[in-house]
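File shown: model24.txt. Contents: compact mmCIF, C-alpha atoms.
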# COMPACT_ATOMS: atom_id res chain seq x y z
CA MET A 1081 194.15 -76.55 6.61
CA ASP A 1082 191.69 -79.41 7.03
CA PRO A 1083 188.55 -78.59 8.94
CA ARG A 1084 188.14 -80.56 12.13
CA PHE A 1085 184.34 -80.42 11.97
CA HIS A 1086 181.82 -81.00 9.19
CA PRO A 1087 178.18 -80.04 8.54
CA GLY A 1088 175.88 -82.00 10.83
CA ASP A 1089 178.52 -82.51 13.55
CA SER A 1090 177.42 -81.78 17.09
CA VAL A 1091 179.73 -79.29 18.81
CA ARG A 1092 180.02 -77.54 22.14
CA VAL A 1093 181.34 -73.99 22.46
CA LEU A 1094 184.11 -73.83 25.03
CA GLU A 1095 183.22 -72.18 28.30
CA ARG A 1096 186.43 -70.23 28.50
CA ASN A 1097 187.03 -66.85 30.05
CA GLN A 1098 189.38 -64.96 27.83
CA PRO A 1099 190.06 -61.25 27.92
CA GLY A 1100 190.53 -59.13 24.81
CA HIS A 1101 188.93 -58.99 21.37
CA VAL A 1102 186.96 -62.24 21.41
CA ARG A 1103 184.22 -62.91 18.86
CA THR A 1104 182.48 -65.67 20.81
CA PRO A 1105 179.65 -64.04 22.76
CA LEU A 1106 178.93 -65.22 26.29
CA TYR A 1107 175.43 -66.40 25.43
CA VAL A 1108 176.71 -69.33 23.34
CA ARG A 1109 179.59 -70.40 25.59
CA GLY A 1110 179.07 -73.91 26.94
CA LYS A 1111 176.12 -74.47 24.58
CA VAL A 1112 175.70 -77.37 22.15
CA GLY A 1113 174.89 -76.73 18.50
CA VAL A 1114 175.28 -78.29 15.08
CA ILE A 1115 177.74 -77.27 12.33
CA GLU A 1116 175.67 -75.64 9.57
CA ARG A 1117 178.57 -75.01 7.17
CA ILE A 1118 182.31 -74.58 6.96
CA VAL A 1119 182.93 -70.92 6.10
CA GLY A 1120 186.69 -71.19 5.50
CA SER A 1121 189.88 -70.00 7.15
CA PHE A 1122 190.23 -66.41 8.33
CA PRO A 1123 192.77 -64.34 10.26
CA ASN A 1124 192.43 -64.86 14.00
CA PRO A 1125 190.62 -61.71 15.26
CA GLU A 1126 192.06 -62.24 18.74
CA THR A 1127 195.48 -61.15 17.50
CA LEU A 1128 194.51 -59.24 14.34
CA ALA A 1129 192.69 -56.68 16.49
CA TYR A 1130 195.98 -55.76 18.16
CA GLY A 1131 197.93 -54.94 15.02
CA GLN A 1132 199.32 -58.45 14.57
CA THR A 1133 198.99 -60.65 11.47
CA GLY A 1134 196.16 -62.91 12.65
CA LEU A 1135 198.33 -65.90 11.73
CA PRO A 1136 197.88 -68.81 11.91
CA TYR A 1137 194.47 -68.50 10.27
CA LYS A 1138 191.57 -70.15 12.06
CA MET A 1139 188.87 -72.30 10.50
CA LEU A 1140 185.47 -70.63 10.83
CA TYR A 1141 182.11 -72.40 11.02
CA ARG A 1142 178.49 -71.39 11.10
CA VAL A 1143 176.87 -73.15 14.04
CA ASN A 1144 173.13 -73.60 14.44
CA PHE A 1145 171.63 -73.54 17.94
CA GLU A 1146 168.09 -74.30 19.01
CA GLN A 1147 166.81 -71.18 20.77
CA LYS A 1148 165.25 -73.24 23.56
CA LEU A 1149 168.72 -74.60 24.40
CA LEU A 1150 170.18 -71.08 24.55
CA TRP A 1151 167.46 -69.60 26.72
CA GLN A 1152 165.60 -71.72 29.27
CA ASP A 1153 162.47 -69.58 29.10
CA TYR A 1154 162.49 -69.08 25.33
CA ASP A 1155 158.98 -68.24 24.28
CA GLY A 1156 158.65 -69.04 20.58
CA LYS A 1157 158.27 -72.00 18.29
CA PRO A 1158 160.36 -75.02 19.45
CA GLU A 1159 162.10 -75.06 16.05
CA ASP A 1160 163.24 -71.40 16.27
CA SER A 1161 166.99 -71.26 15.86
CA LEU A 1162 170.02 -69.02 15.89
CA GLU A 1163 173.07 -69.21 13.65
CA ILE A 1164 176.42 -67.69 14.50
CA GLU A 1165 180.03 -67.89 13.33
CA ILE A 1166 182.47 -69.65 15.66
CA TYR A 1167 186.20 -70.23 15.13
CA GLU A 1168 187.50 -73.77 15.45
CA HIS A 1169 189.59 -73.15 18.56
CA TRP A 1170 186.39 -72.33 20.43
CA LEU A 1171 184.71 -75.67 19.59
CA GLU A 1172 184.92 -79.22 20.87
CA PRO A 1173 183.00 -82.35 19.81
CA ALA A 1174 179.75 -82.86 21.74
CA MET B 1434 166.76 -1.13 18.04
CA SER B 1435 163.64 -1.96 20.06
CA ASP B 1436 163.32 -5.35 21.70
CA GLN B 1437 160.36 -6.05 19.49
CA HIS B 1438 162.35 -5.39 16.33
CA HIS B 1439 165.18 -7.53 17.60
CA ASP B 1440 162.80 -10.45 18.17
CA LEU B 1441 161.41 -10.11 14.65
CA VAL B 1442 164.84 -10.20 13.07
CA HIS B 1443 165.80 -13.28 15.03
CA ALA B 1444 162.57 -15.12 14.38
CA THR B 1445 163.90 -15.88 10.90
CA HIS B 1446 167.18 -17.31 12.18
CA THR B 1447 167.62 -20.84 13.47
CA HIS B 1448 170.54 -20.28 15.86
CA ASP B 1449 170.17 -19.14 19.43
CA GLY B 1450 171.86 -15.79 18.90
CA LYS B 1451 175.14 -16.79 20.51
CA PRO B 1452 178.34 -16.59 18.51
CA ILE B 1453 179.28 -19.82 16.73
CA GLN B 1454 181.43 -21.87 19.07
CA ASN B 1455 183.57 -24.88 18.63
CA ASP B 1456 181.56 -27.21 20.84
CA GLU B 1457 182.71 -30.45 19.22
CA ARG B 1458 184.59 -32.96 21.33
CA PRO B 1459 188.34 -33.13 20.81
CA PRO B 1460 189.36 -35.55 18.02
CA LEU B 1461 190.00 -39.17 18.89
CA GLU B 1462 193.53 -40.47 18.41
CA ALA B 1463 192.32 -42.50 15.42
CA GLU B 1464 190.80 -39.38 13.83
CA THR B 1465 194.04 -37.44 14.19
CA LEU B 1466 195.91 -40.39 12.69
CA GLU B 1467 193.44 -40.57 9.77
CA THR B 1468 193.86 -36.86 9.06
CA ALA B 1469 197.66 -37.14 9.15
CA VAL B 1470 197.75 -40.17 6.83
CA ARG B 1471 195.20 -38.63 4.44
CA GLU B 1472 197.12 -35.34 4.20
CA LEU B 1473 200.39 -37.18 3.62
CA LEU B 1474 198.89 -39.34 0.85
CA ILE B 1475 197.55 -36.24 -0.87
CA GLU B 1476 200.80 -34.29 -0.40
CA LYS B 1477 202.84 -37.15 -1.89
CA GLY B 1478 200.45 -37.41 -4.84
CA VAL B 1479 199.35 -40.99 -4.03
CA ILE B 1480 195.65 -40.08 -4.07
CA SER B 1481 193.80 -36.84 -4.68
CA SER B 1482 191.18 -35.05 -2.58
CA ASP B 1483 188.71 -35.57 -5.39
CA GLU B 1484 189.27 -39.35 -5.34
CA ILE B 1485 188.56 -39.38 -1.60
CA ARG B 1486 185.42 -37.31 -2.08
CA ARG B 1487 184.23 -39.63 -4.86
CA ALA B 1488 184.88 -42.71 -2.69
CA ILE B 1489 182.80 -41.17 0.15
CA GLU B 1490 180.05 -40.23 -2.30
CA SER B 1491 180.00 -43.76 -3.68
CA MET B 1492 179.76 -45.20 -0.13
CA ASP B 1493 176.93 -42.83 0.75
CA ASP B 1494 175.07 -43.82 -2.44
CA ARG B 1495 174.75 -47.42 -1.31
CA GLY B 1496 171.48 -48.32 0.26
CA GLU B 1497 168.18 -49.97 -0.28
CA ALA B 1498 168.08 -49.08 -4.00
CA LEU B 1499 171.12 -51.27 -4.69
CA GLY B 1500 169.89 -54.05 -2.41
CA GLY B 1501 166.46 -53.82 -4.05
CA LYS B 1502 167.96 -54.44 -7.49
CA ILE B 1503 169.69 -57.58 -6.24
CA VAL B 1504 166.53 -58.89 -4.57
CA ALA B 1505 164.37 -58.15 -7.63
CA ARG B 1506 166.85 -59.94 -9.90
CA ALA B 1507 166.68 -62.99 -7.62
CA TRP B 1508 162.87 -62.90 -7.78
CA VAL B 1509 162.75 -62.97 -11.58
CA ASP B 1510 165.85 -65.04 -12.38
CA GLU B 1511 166.05 -68.46 -10.68
CA ASP B 1512 169.64 -69.11 -11.83
CA PHE B 1513 170.77 -65.80 -10.32
CA LYS B 1514 168.91 -66.61 -7.11
CA GLN B 1515 170.66 -69.96 -6.75
CA ARG B 1516 174.02 -68.28 -7.34
CA LEU B 1517 173.19 -65.55 -4.83
CA LEU B 1518 172.34 -68.16 -2.19
CA SER B 1519 175.33 -70.43 -2.82
CA GLU B 1520 178.09 -67.97 -3.80
CA GLY B 1521 176.86 -64.52 -2.86
CA ASP B 1522 180.19 -62.73 -3.40
CA ALA B 1523 180.38 -63.78 -7.06
CA ALA B 1524 176.68 -63.09 -7.70
CA VAL B 1525 176.77 -59.48 -6.47
CA GLN B 1526 179.81 -58.76 -8.63
CA ASP B 1527 177.19 -58.53 -11.43
CA PHE B 1528 176.19 -55.28 -9.66
CA GLY B 1529 179.76 -54.02 -9.27
CA ILE B 1530 179.89 -54.94 -5.58
CA ASP B 1531 183.08 -56.15 -3.95
CA MET B 1532 182.45 -57.75 -0.55
CA ARG B 1533 186.09 -58.26 0.38
CA PRO B 1534 187.54 -58.77 2.95
CA THR B 1535 184.20 -60.09 4.21
CA GLU B 1536 181.97 -62.66 2.49
CA LEU B 1537 178.31 -62.36 1.68
CA CYS B 1538 175.80 -64.85 3.06
CA VAL B 1539 172.28 -64.51 1.65
CA VAL B 1540 169.47 -66.16 3.61
CA GLU B 1541 166.08 -66.76 2.00
CA ASN B 1542 162.72 -66.16 3.62
CA THR B 1543 160.16 -68.83 2.73
CA ASP B 1544 156.68 -69.91 3.83
CA GLU B 1545 158.42 -71.97 6.53
CA VAL B 1546 161.29 -69.73 7.71
CA HIS B 1547 161.71 -66.05 8.55
CA ASN B 1548 165.30 -64.80 8.85
CA MET B 1549 166.53 -61.74 10.70
CA VAL B 1550 170.01 -60.30 11.18
CA VAL B 1551 171.75 -58.75 14.17
CA CYS B 1552 175.34 -58.14 15.19
CA THR B 1553 175.44 -58.64 18.95
CA LEU B 1554 179.08 -57.55 19.23
CA CYS B 1555 178.99 -54.26 17.34
CA SER B 1556 177.35 -53.24 14.05
CA CYS B 1557 178.52 -55.62 11.29
CA TYR B 1558 176.30 -55.00 8.29
CA PRO B 1559 176.52 -55.63 4.51
CA ARG B 1560 177.83 -52.09 3.91
CA PRO B 1561 179.02 -52.62 0.31
CA ILE B 1562 175.34 -53.28 -0.52
CA LEU B 1563 173.23 -51.43 2.06
CA GLY B 1564 175.58 -48.62 3.10
CA ILE B 1565 175.50 -47.29 6.65
CA PRO B 1566 173.37 -49.27 9.13
CA PRO B 1567 170.36 -47.56 10.74
CA ALA B 1568 170.89 -46.16 14.25
CA TRP B 1569 168.62 -48.77 15.86
CA TYR B 1570 170.72 -51.60 14.41
CA LYS B 1571 173.63 -50.41 16.57
CA ARG B 1572 171.59 -49.94 19.73
CA ARG B 1573 172.34 -52.14 22.67
CA ASP B 1574 168.69 -53.07 23.20
CA TYR B 1575 168.19 -54.27 19.60
CA ARG B 1576 171.44 -56.23 19.74
CA ALA B 1577 170.61 -57.87 23.06
CA ARG B 1578 166.93 -58.58 22.42
CA ALA B 1579 167.13 -59.77 18.79
CA VAL B 1580 168.83 -62.98 19.87
CA ARG B 1581 166.85 -63.34 23.10
CA GLU B 1582 163.28 -62.58 22.02
CA PRO B 1583 163.23 -62.17 18.24
CA ARG B 1584 159.47 -62.56 17.90
CA ALA B 1585 158.83 -59.72 20.35
CA ILE B 1586 161.29 -57.45 18.51
CA LEU B 1587 159.72 -58.33 15.17
CA ALA B 1588 156.26 -57.52 16.55
CA GLU B 1589 157.57 -54.10 17.64
CA PHE B 1590 158.60 -53.53 14.03
CA GLY B 1591 155.03 -54.42 13.02
CA THR B 1592 156.06 -57.84 11.77
CA THR B 1593 154.02 -60.60 13.37
CA ILE B 1594 155.38 -64.01 12.49
CA PRO B 1595 152.75 -66.79 12.54
CA LYS B 1596 153.37 -69.35 15.28
CA GLN B 1597 153.82 -72.15 12.71
CA LYS B 1598 156.67 -70.31 10.97
CA GLN B 1599 160.24 -70.79 12.17
CA VAL B 1600 162.27 -67.71 13.13
CA ARG B 1601 166.00 -67.97 12.43
CA VAL B 1602 168.28 -65.28 13.82
CA HIS B 1603 171.71 -64.71 12.31
CA ASP B 1604 174.32 -63.20 14.61
CA SER B 1605 176.75 -61.42 12.28
CA ASN B 1606 179.66 -61.71 14.72
CA ALA B 1607 182.64 -62.51 12.49
CA ASP B 1608 183.60 -62.60 8.79
CA LEU B 1609 180.29 -63.05 6.98
CA ARG B 1610 177.84 -60.27 6.15
CA TYR B 1611 174.17 -61.15 5.86
CA LEU B 1612 171.46 -60.10 3.43
CA VAL B 1613 167.92 -61.40 3.82
CA LEU B 1614 166.19 -62.34 0.57
CA PRO B 1615 162.60 -61.43 1.41
CA GLN B 1616 159.57 -63.19 -0.07
CA ARG B 1617 158.13 -61.73 -3.25
CA PRO B 1618 154.77 -60.21 -2.36
CA ALA B 1619 151.50 -61.50 -3.81
CA GLY B 1620 149.91 -59.62 -6.69
CA THR B 1621 153.21 -58.85 -8.46
CA ASP B 1622 153.27 -61.70 -11.00
CA ASP B 1623 153.26 -59.41 -14.01
CA TRP B 1624 155.59 -56.76 -12.53
CA SER B 1625 158.89 -55.92 -14.18
CA GLU B 1626 162.23 -56.35 -12.42
CA GLU B 1627 162.49 -52.54 -12.15
CA GLN B 1628 159.04 -52.23 -10.57
CA LEU B 1629 159.81 -55.02 -8.10
CA ALA B 1630 163.12 -53.39 -7.09
CA GLU B 1631 161.23 -50.29 -5.96
CA LEU B 1632 159.15 -52.33 -3.49
CA VAL B 1633 162.13 -53.66 -1.56
CA THR B 1634 162.94 -51.82 1.66
CA ARG B 1635 166.08 -51.73 3.78
CA ASP B 1636 164.28 -53.26 6.76
CA SER B 1637 163.09 -56.21 4.66
CA MET B 1638 166.72 -57.00 3.80
CA ILE B 1639 167.70 -56.91 7.50
CA GLY B 1640 164.72 -59.16 8.14
CA VAL B 1641 162.71 -57.01 10.52
CA ALA B 1642 159.93 -56.50 7.96
CA ASP B 1643 158.35 -58.18 4.96
CA VAL B 1644 158.05 -56.58 1.54
CA ARG B 1645 154.54 -55.25 1.05
CA GLY B 1646 152.83 -55.69 -2.30
CA PRO B 1647 149.85 -53.94 -3.93
CA THR B 1648 147.34 -56.09 -2.04
CA ASP B 1649 148.95 -55.80 1.44
Represent the structure contained in this file as structure tokens.
Amino acid sequence: MDPRFHPGDSVRVLERNQPGHVRTPLYVRGKVGVIERIVGSFPNPETLAYGQTGLPYKMLYRVNFEQKLLWQDYDGKPEDSLEIEIYEHWLEPA
Amino acid sequence: MSDQHHDLVHATHTHDGKPIQNDERPPLEAETLETAVRELLIEKGVISSDEIRRAIESMDDRGEALGGKIVARAWVDEDFKQRLLSEGDAAVQDFGIDMRPTELCVVENTDEVHNMVVCTLCSCYPRPILGIPPAWYKRRDYRARAVREPRAILAEFGTTIPKQKQVRVHDSNADLRYLVLPQRPAGTDDWSEEQLAELVTRDSMIGVADVRGPTD
């Protein structure tokens, strides 16, 4: 499986409402970040959690977000950041 | 028996004088299933009760002592540190640790960056190294506030991060498990690896505290 994104790429997390066992927290949905690294392919937790195989595997990335873009009133250093793991099917180019 | 005598006898007991009752909640479905599978495996001779006990004991033994050894090794051995940062799973195998099915991601605190770890979704934690997470790590307020106002949370842990230093929060929401490599404290240049390991605390490896040295 070839990764669709690479370190340094700008990505947006999809703003999708999806019920069930979803690992993409609301606070990053719709936000723009930068791929920090490709983690590799992992079983899809959205089906694995319900006793299924998790196939096809999903590519997982670590995405870096500037805190001030996540929270309008963020009160820290402008460079403060947050890193989180996002599966490829939750990302689009930004 | 006089009331006074009765009180004296009971002063040495810790229970409230009522008969022991079964006041535990009924088992969850998953607990009943676990008991059934465990008993079957033992009955069929697949595993023994002693093997289960030893596995639980080994899990309970994990904690800051094991994490401290890894951190101390990284402080004294640059090659190990680079391996720990780039391929954590392989590096901690030196300590008999198997991270599977998760992967280890070690993040290094420096003069420029302070890292801290949270799992906003539940309580993901590097259990093969640090064992069971502390109760506060699982609390809703820590999980919500660590991503929202990390500097305020850190200050509540007694860790004030200078304004010029970057704070980087890691949300452990999927398949990686995070260990913070804290900074080696000043005044420990001539300390042995074993002495250094004793300084390292659990909270410093979650990133809510720094490691204190002899001069702090």
For Trp1151 in chain A, which residue out of B:Ile1530, B:Asp1456, B:Glu1541, B:Arg1581 is the nearest one, using all atoms listed in the file?
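Smallest distance to Trp1151 in chain A is found for B:Arg1581.
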Compare B:Ala1619, B:Ala1642, B:Leu1554, B:Ala1588 by their minimum atom-to-atom distance to chain A, counting all atoms listed in the file, and give me the closest one.
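Looking only at the distances to chain A, the closest residue turns out to be B:Leu1554.
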Name the closest residue to chain A among the candidates B:Val1600, B:Leu1632, B:Met1638, B:Cys1538; distances are taken between atoms, counting all atoms listed in the file.
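Among B:Val1600, B:Leu1632, B:Met1638, B:Cys1538, it is B:Val1600 that comes nearest to chain A.
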d(CA of Tyr1575 in chain B, CA of Ala1607 in chain B) in Å:
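So the two atoms, CA of Tyr1575 in chain B and CA of Ala1607 in chain B, lie 18.1 Å apart.
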Hey, which of A:Lys1111, A:His1169, A:Lys1148, A:Lys1157 ends up closest to chain B? Count all atoms listed in the file.
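Looking only at the distances to chain B, the closest residue turns out to be A:Lys1157.
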Could you please give me, as a PDB file with C-alpha atoms, in the coordinates of the input, the residues of protein, DNA or RNA lying at most 7 Å from (190.6, -61.8, 19.2) in the coordinate frame of the file, considering all atoms listed in the file?
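This went into point39.pdb:
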ATOM      1  CA  GLY A1100     190.530 -59.130  24.810  1.00  0.00           C
ATOM      2  CA  HIS A1101     188.930 -58.990  21.370  1.00  0.00           C
ATOM      3  CA  VAL A1102     186.960 -62.240  21.410  1.00  0.00           C
ATOM      4  CA  ARG A1103     184.220 -62.910  18.860  1.00  0.00           C
ATOM      5  CA  ASN A1124     192.430 -64.860  14.000  1.00  0.00           C
ATOM      6  CA  PRO A1125     190.620 -61.710  15.260  1.00  0.00           C
ATOM      7  CA  GLU A1126     192.060 -62.240  18.740  1.00  0.00           C
ATOM      8  CA  THR A1127     195.480 -61.150  17.500  1.00  0.00           C
ATOM      9  CA  LEU A1128     194.510 -59.240  14.340  1.00  0.00           C
ATOM     10  CA  ALA A1129     192.690 -56.680  16.490  1.00  0.00           C
TER      11      ALA A1129
END
Which residues of chain A sit at most 6 Å from chain B, using all atoms listed in the file? Give each one's shortest atom pair and distance in Å (one decimal place), in chain and ascending residue order, as a Markdown table.
| residue | atom | partner | partner_atom | distance |
| --- | --- | --- | --- | --- |
| A:Asp1160 | CA | B:Val1600 | CA | 4.9 |
| A:Ser1161 | CA | B:Arg1601 | CA | 4.9 |
| A:Leu1162 | CA | B:Val1602 | CA | 4.6 |
| A:Glu1163 | CA | B:His1603 | CA | 4.9 |
| A:Ile1164 | CA | B:Asp1604 | CA | 5.0 |
Write the residues of the selection above to a file with C-alpha atoms, as a PDB file, in the frame of the given file.
ATOM      1  CA  ASP A1160     163.240 -71.400  16.270  1.00  0.00           C
ATOM      2  CA  SER A1161     166.990 -71.260  15.860  1.00  0.00           C
ATOM      3  CA  LEU A1162     170.020 -69.020  15.890  1.00  0.00           C
ATOM      4  CA  GLU A1163     173.070 -69.210  13.650  1.00  0.00           C
ATOM      5  CA  ILE A1164     176.420 -67.690  14.500  1.00  0.00           C
TER       6      ILE A1164
END
Calculated over all atoms listed in the file, which of the candidates A:Tyr1107, A:Val1114, A:Ser1121, A:Val1091 has the smallest distance to Leu1135 in chain A?
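When distances to Leu1135 in chain A are compared using all atoms listed in the file, the smallest one comes from A:Ser1121.
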Within 7 Å of Arg1576 in chain B, counting all atoms listed in the file, which residues qualify if same-chain residues fewer than 3 places away don't, as a list in words?
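Selected residues are Val1551, Cys1552, Thr1553, Lys1571, Arg1572, Arg1573 and Ala1579 of chain B.
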As an exercise, work out the distance from CA of Pro1087 in chain A to CA of Glu1146 in chain A in Å and give it to one decimal place.
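Answer for the CA of Pro1087 in chain A to CA of Glu1146 in chain A separation: 15.6 Å.
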For range 1487-1502 of chain B, find every residue with an atom within 7 Å (counting all atoms listed in the file), except residues of its own chain fewer than 2 positions away, and show them as a list in words.
Asp1483, Glu1484, Ile1485, Val1504, Ala1505, Arg1506, Pro1561, Ile1562, Leu1563, Gly1564, Ala1630, Glu1631, Val1633, Thr1634 and Arg1635 of chain B
Val1093 in chain A environment, 6 Å, only C-alpha atoms, sequence neighbours closer than 5 positions dropped, as a PyMOL selection string:
chain A and resi 1109-1111+1170-1171
Which of these residues is nearest to Glu1520 in chain B, using all atoms listed in the file: A:Leu1094, A:Val1119, A:Met1081, A:Leu1106?
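Among A:Leu1094, A:Val1119, A:Met1081, A:Leu1106, it is A:Val1119 that comes nearest to Glu1520 in chain B.
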Could you add the missing atoms to range 1130-1152 of chain A, up to N, CA and C atoms, and return them as a CSV table (one decimal), in the frame of the given file?
chain,number,residue,atom,x,y,z
A,1130,TYR,N,194.9,-56.5,17.5
A,1130,TYR,CA,196.0,-55.8,18.2
A,1130,TYR,C,197.2,-55.5,17.3
A,1131,GLY,N,196.9,-55.3,15.9
A,1131,GLY,CA,197.9,-54.9,15.0
A,1131,GLY,C,198.8,-56.1,14.6
A,1132,GLN,N,198.5,-57.3,15.0
A,1132,GLN,CA,199.3,-58.4,14.6
A,1132,GLN,C,198.7,-59.0,13.3
A,1133,THR,N,199.4,-60.1,12.8
A,1133,THR,CA,199.0,-60.6,11.5
A,1133,THR,C,197.7,-61.5,11.5
A,1134,GLY,N,197.3,-62.0,12.6
A,1134,GLY,CA,196.2,-62.9,12.6
A,1134,GLY,C,196.5,-64.3,12.3
A,1135,LEU,N,197.8,-64.6,12.1
A,1135,LEU,CA,198.3,-65.9,11.7
A,1135,LEU,C,198.6,-66.7,13.0
A,1136,PRO,N,198.4,-68.0,13.0
A,1136,PRO,CA,197.9,-68.8,11.9
A,1136,PRO,C,196.4,-68.6,11.8
A,1137,TYR,N,195.9,-68.7,10.5
A,1137,TYR,CA,194.5,-68.5,10.3
A,1137,TYR,C,193.7,-69.6,11.0
A,1138,LYS,N,192.4,-69.2,11.3
A,1138,LYS,CA,191.6,-70.2,12.1
A,1138,LYS,C,190.4,-70.6,11.2
A,1139,MET,N,190.0,-71.8,11.2
A,1139,MET,CA,188.9,-72.3,10.5
A,1139,MET,C,187.6,-71.7,11.2
A,1140,LEU,N,186.7,-71.2,10.3
A,1140,LEU,CA,185.5,-70.6,10.8
A,1140,LEU,C,184.3,-71.5,10.4
A,1141,TYR,N,183.3,-71.6,11.3
A,1141,TYR,CA,182.1,-72.4,11.0
A,1141,TYR,C,180.9,-71.6,11.3
A,1142,ARG,N,179.8,-71.9,10.7
A,1142,ARG,CA,178.5,-71.4,11.1
A,1142,ARG,C,177.8,-72.5,11.9
A,1143,VAL,N,177.4,-72.2,13.1
A,1143,VAL,CA,176.9,-73.2,14.0
A,1143,VAL,C,175.4,-72.8,14.3
A,1144,ASN,N,174.6,-73.8,14.2
A,1144,ASN,CA,173.1,-73.6,14.4
A,1144,ASN,C,172.8,-74.1,15.9
A,1145,PHE,N,172.1,-73.2,16.6
A,1145,PHE,CA,171.6,-73.5,17.9
A,1145,PHE,C,170.1,-73.5,18.0
A,1146,GLU,N,169.5,-74.4,18.7
A,1146,GLU,CA,168.1,-74.3,19.0
A,1146,GLU,C,167.9,-73.2,20.1
A,1147,GLN,N,167.0,-72.3,19.8
A,1147,GLN,CA,166.8,-71.2,20.8
A,1147,GLN,C,166.5,-71.7,22.2
A,1148,LYS,N,165.7,-72.8,22.2
A,1148,LYS,CA,165.2,-73.2,23.6
A,1148,LYS,C,166.4,-73.8,24.4
A,1149,LEU,N,167.5,-74.2,23.7
A,1149,LEU,CA,168.7,-74.6,24.4
A,1149,LEU,C,169.6,-73.4,24.8
A,1150,LEU,N,169.4,-72.3,24.2
A,1150,LEU,CA,170.2,-71.1,24.6
A,1150,LEU,C,169.5,-70.4,25.7
A,1151,TRP,N,168.2,-70.3,25.7
A,1151,TRP,CA,167.5,-69.6,26.7
A,1151,TRP,C,166.4,-70.5,27.3
A,1152,GLN,N,166.5,-70.8,28.6
A,1152,GLN,CA,165.6,-71.7,29.3
A,1152,GLN,C,164.1,-71.3,29.1
